[in-house]
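Here is the structure we will look at.
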Amino acid sequence: MSPGPRSRVAFAFFAAALLFLTAASVAAHAVLQESSPALKSSVAGPDVPVKLRFNVRIDAARSRLTLVNAHGASQTLEIGKKDPPNAISAQANGLRPGVYRLRWQVLASDGHITRGEIPFTVVKP
Ligand SMILES: [Cu+2]
C-alpha cells in the first residue's frame, strides 16, 4: 500500500515547512561570536573585564553571567547597562590567579535561552 499523491504532497509541504521553521529558529538563537576573556585564554588579574558578543540582539536584563572558581564557588556578575544590543559586559574584580569558568545565559529576541561556559585562567599581572 503506497500513500496517495495527496498525502505525499501534504508530507512534502509539511517537511518543507518544518525545515524552514527549524532554520529560522536556529538563525534567531543567540550564538556567542566573541568573548573576552577568550575561550581557554590566560588573562592578567586581579581585575578582569568581561565582554561577550552575540550574533543577534539579546535581552541583557534577562541574561546572566556567573563566575565559578576552581573550588566551585560561584559569584554572579553584574551586567552593565551601556552595551550594544548584541553584547553584554561585566567587571570581575579581585580575582586570584587560578582557573575559572565564566557561565553565560542569554535570552535572544526570539524568546529562546542559550547558555555556555568559557574556561579561562587568571595569571599574575
Ligand atoms: Cu531561538
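Going by the C-alpha cells order, chains are called A, B, ..., each with residues numbered from 1, while ligands are numbered from 1 in the order shown.
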Checklist entry - Hey, what does DSSP flag as strand (DSSP E or B) within chain A? Can you give it to me as number ranges by chain? => result A: 32-36, 42-44, 48-54, 58-69, 74-76, 87-92, 98-108, 113-123
Next on the checklist: At a cut-off of 8 Å, using only C-alpha atoms, what residues contact range 36-44 of chain A? Leave out same-chain residues fewer than 5 positions from it and give the result as a ChimeraX atom specification.
Outcome noted: /A:49-52,118-125
Next on the checklist: I'd like the contact shell of range 108-113 of chain A - 6 Å cut-off, only C-alpha atoms, skipping same-chain residues fewer than 4 positions apart - returned as a ChimeraX atom specification.
Outcome noted: /A:29-30,58
Item to check | Best match for closeness to Ile88 in chain A among A:Arg101, A:Arg62, A:Arg8, A:Arg53, counting only C-alpha atoms | outcome: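 Closest to Ile88 in chain A, using only C-alpha atoms: A:Arg53.
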Checklist entry - Near Gly116 in chain A, within 7 Å and counting only C-alpha atoms, which residues show up once chain neighbours fewer than 4 positions away are dropped, as a PyMOL selection string? => result chain A and resi 103-105
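Between CA of Ser63 in chain A and CA of Ile79 in chain A lies a distance of 8.2 Å.
Counting only C-alpha atoms and all ligand atoms and comparing A:Arg6, A:Arg115, A:Lys81, A:Arg96, the residue that lies closest to ligand 1 is A:Arg115.
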Checklist entry - Of the candidates A:Ser7, A:Ala12, A:Ala28, A:Gln33, which shows the shortest atom-to-atom distance to ligand 1, using only C-alpha atoms and all ligand atoms? => result A:Ala28
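Nearest residue to Asn93 in chain A, choosing from A:Asp47, A:Leu32, A:Ala15, A:Ala60 and counting only C-alpha atoms: A:Asp47.
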Next on the checklist: Just list as a PyMOL selection string whatever in chain A DSSP marks as alpha helix (DSSP H).
Outcome noted: chain A and resi 5-28
Take the residues that were just selected and, keeping N, CA and C atoms, output them as a JSON list (two decimals), in the first residue's frame.
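result20.json was written with the following content:
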[["chain", "number", "residue", "atom", "x", "y", "z"],
["A", 5, "PRO", "N", -1.19, 10.38, -3.86],
["A", 5, "PRO", "CA", -0.48, 11.61, -4.22],
["A", 5, "PRO", "C", -0.79, 12.77, -3.28],
["A", 6, "ARG", "N", -2.02, 12.81, -2.80],
["A", 6, "ARG", "CA", -2.39, 13.94, -1.95],
["A", 6, "ARG", "C", -1.60, 13.92, -0.63],
["A", 7, "SER", "N", -1.48, 12.73, -0.03],
["A", 7, "SER", "CA", -0.76, 12.66, 1.23],
["A", 7, "SER", "C", 0.74, 12.88, 1.03],
["A", 8, "ARG", "N", 1.23, 12.51, -0.16],
["A", 8, "ARG", "CA", 2.65, 12.77, -0.45],
["A", 8, "ARG", "C", 2.92, 14.27, -0.57],
["A", 9, "VAL", "N", 1.99, 14.95, -1.23],
["A", 9, "VAL", "CA", 2.12, 16.41, -1.34],
["A", 9, "VAL", "C", 2.05, 17.05, 0.04],
["A", 10, "ALA", "N", 1.13, 16.56, 0.84],
["A", 10, "ALA", "CA", 0.98, 17.10, 2.20],
["A", 10, "ALA", "C", 2.24, 16.86, 3.00],
["A", 11, "PHE", "N", 2.80, 15.67, 2.84],
["A", 11, "PHE", "CA", 4.03, 15.35, 3.58],
["A", 11, "PHE", "C", 5.18, 16.26, 3.14],
["A", 12, "ALA", "N", 5.31, 16.45, 1.81],
["A", 12, "ALA", "CA", 6.38, 17.30, 1.28],
["A", 12, "ALA", "C", 6.22, 18.73, 1.80],
["A", 13, "PHE", "N", 4.99, 19.20, 1.82],
["A", 13, "PHE", "CA", 4.73, 20.56, 2.31],
["A", 13, "PHE", "C", 5.09, 20.67, 3.79],
["A", 14, "PHE", "N", 4.66, 19.67, 4.55],
["A", 14, "PHE", "CA", 4.94, 19.65, 5.99],
["A", 14, "PHE", "C", 6.45, 19.63, 6.25],
["A", 15, "ALA", "N", 7.16, 18.78, 5.50],
["A", 15, "ALA", "CA", 8.61, 18.65, 5.66],
["A", 15, "ALA", "C", 9.30, 19.98, 5.34],
["A", 16, "ALA", "N", 8.86, 20.62, 4.26],
["A", 16, "ALA", "CA", 9.46, 21.89, 3.85],
["A", 16, "ALA", "C", 9.22, 22.96, 4.92],
["A", 17, "ALA", "N", 7.98, 22.98, 5.46],
["A", 17, "ALA", "CA", 7.64, 23.96, 6.48],
["A", 17, "ALA", "C", 8.47, 23.74, 7.75],
["A", 18, "LEU", "N", 8.64, 22.48, 8.10],
["A", 18, "LEU", "CA", 9.41, 22.13, 9.29],
["A", 18, "LEU", "C", 10.87, 22.57, 9.13],
["A", 19, "LEU", "N", 11.40, 22.30, 7.94],
["A", 19, "LEU", "CA", 12.78, 22.67, 7.64],
["A", 19, "LEU", "C", 12.95, 24.19, 7.72],
["A", 20, "PHE", "N", 12.01, 24.91, 7.16],
["A", 20, "PHE", "CA", 12.07, 26.36, 7.16],
["A", 20, "PHE", "C", 12.01, 26.89, 8.59],
["A", 21, "LEU", "N", 11.08, 26.38, 9.38],
["A", 21, "LEU", "CA", 10.92, 26.84, 10.77],
["A", 21, "LEU", "C", 12.17, 26.54, 11.59],
["A", 22, "THR", "N", 12.72, 25.35, 11.40],
["A", 22, "THR", "CA", 13.94, 24.97, 12.13],
["A", 22, "THR", "C", 15.08, 25.91, 11.77],
["A", 23, "ALA", "N", 15.26, 26.16, 10.47],
["A", 23, "ALA", "CA", 16.34, 27.05, 10.02],
["A", 23, "ALA", "C", 16.15, 28.45, 10.59],
["A", 24, "ALA", "N", 14.89, 28.92, 10.58],
["A", 24, "ALA", "CA", 14.60, 30.27, 11.06],
["A", 24, "ALA", "C", 14.88, 30.39, 12.55],
["A", 25, "SER", "N", 14.48, 29.37, 13.33],
["A", 25, "SER", "CA", 14.65, 29.48, 14.78],
["A", 25, "SER", "C", 16.12, 29.33, 15.16],
["A", 26, "VAL", "N", 16.85, 28.51, 14.43],
["A", 26, "VAL", "CA", 18.28, 28.38, 14.70],
["A", 26, "VAL", "C", 18.98, 29.69, 14.42],
["A", 27, "ALA", "N", 18.58, 30.35, 13.33],
["A", 27, "ALA", "CA", 19.21, 31.61, 12.96],
["A", 27, "ALA", "C", 18.97, 32.69, 14.02],
["A", 28, "ALA", "N", 17.84, 32.59, 14.74],
["A", 28, "ALA", "CA", 17.50, 33.64, 15.69],
["A", 28, "ALA", "C", 18.05, 33.38, 17.09]]
Next on the checklist: For a quick check of understanding, using only C-alpha atoms and all ligand atoms, which of A:Leu95, A:Val48, A:Val56, A:Ala87 has the smallest distance to ligand 1?
Outcome noted: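 The closest residue to ligand 1 is A:Val56.
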Next on the checklist: Just to confirm, what's the straight-line distance from CA of Ser74 in chain A to CA of Ser89 in chain A in Å (one decimal)?
Outcome noted: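 Value for the CA of Ser74 in chain A-CA of Ser89 in chain A distance: 17.3 Å.
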Item to check | Length of the CA of Pro97 in chain A to CA of Gly80 in chain A vector [Å] | outcome: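 Interatomic distance, CA of Pro97 in chain A to CA of Gly80 in chain A: 24.2 Å.
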Item to check | Nearest to ligand 1 by atom-to-atom distance, counting only C-alpha atoms and all ligand atoms, from A:Pro85, A:Ala73, A:Arg57, A:Gly45 | outcome: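 The shortest atom-to-atom distance to ligand 1 comes from A:Arg57.
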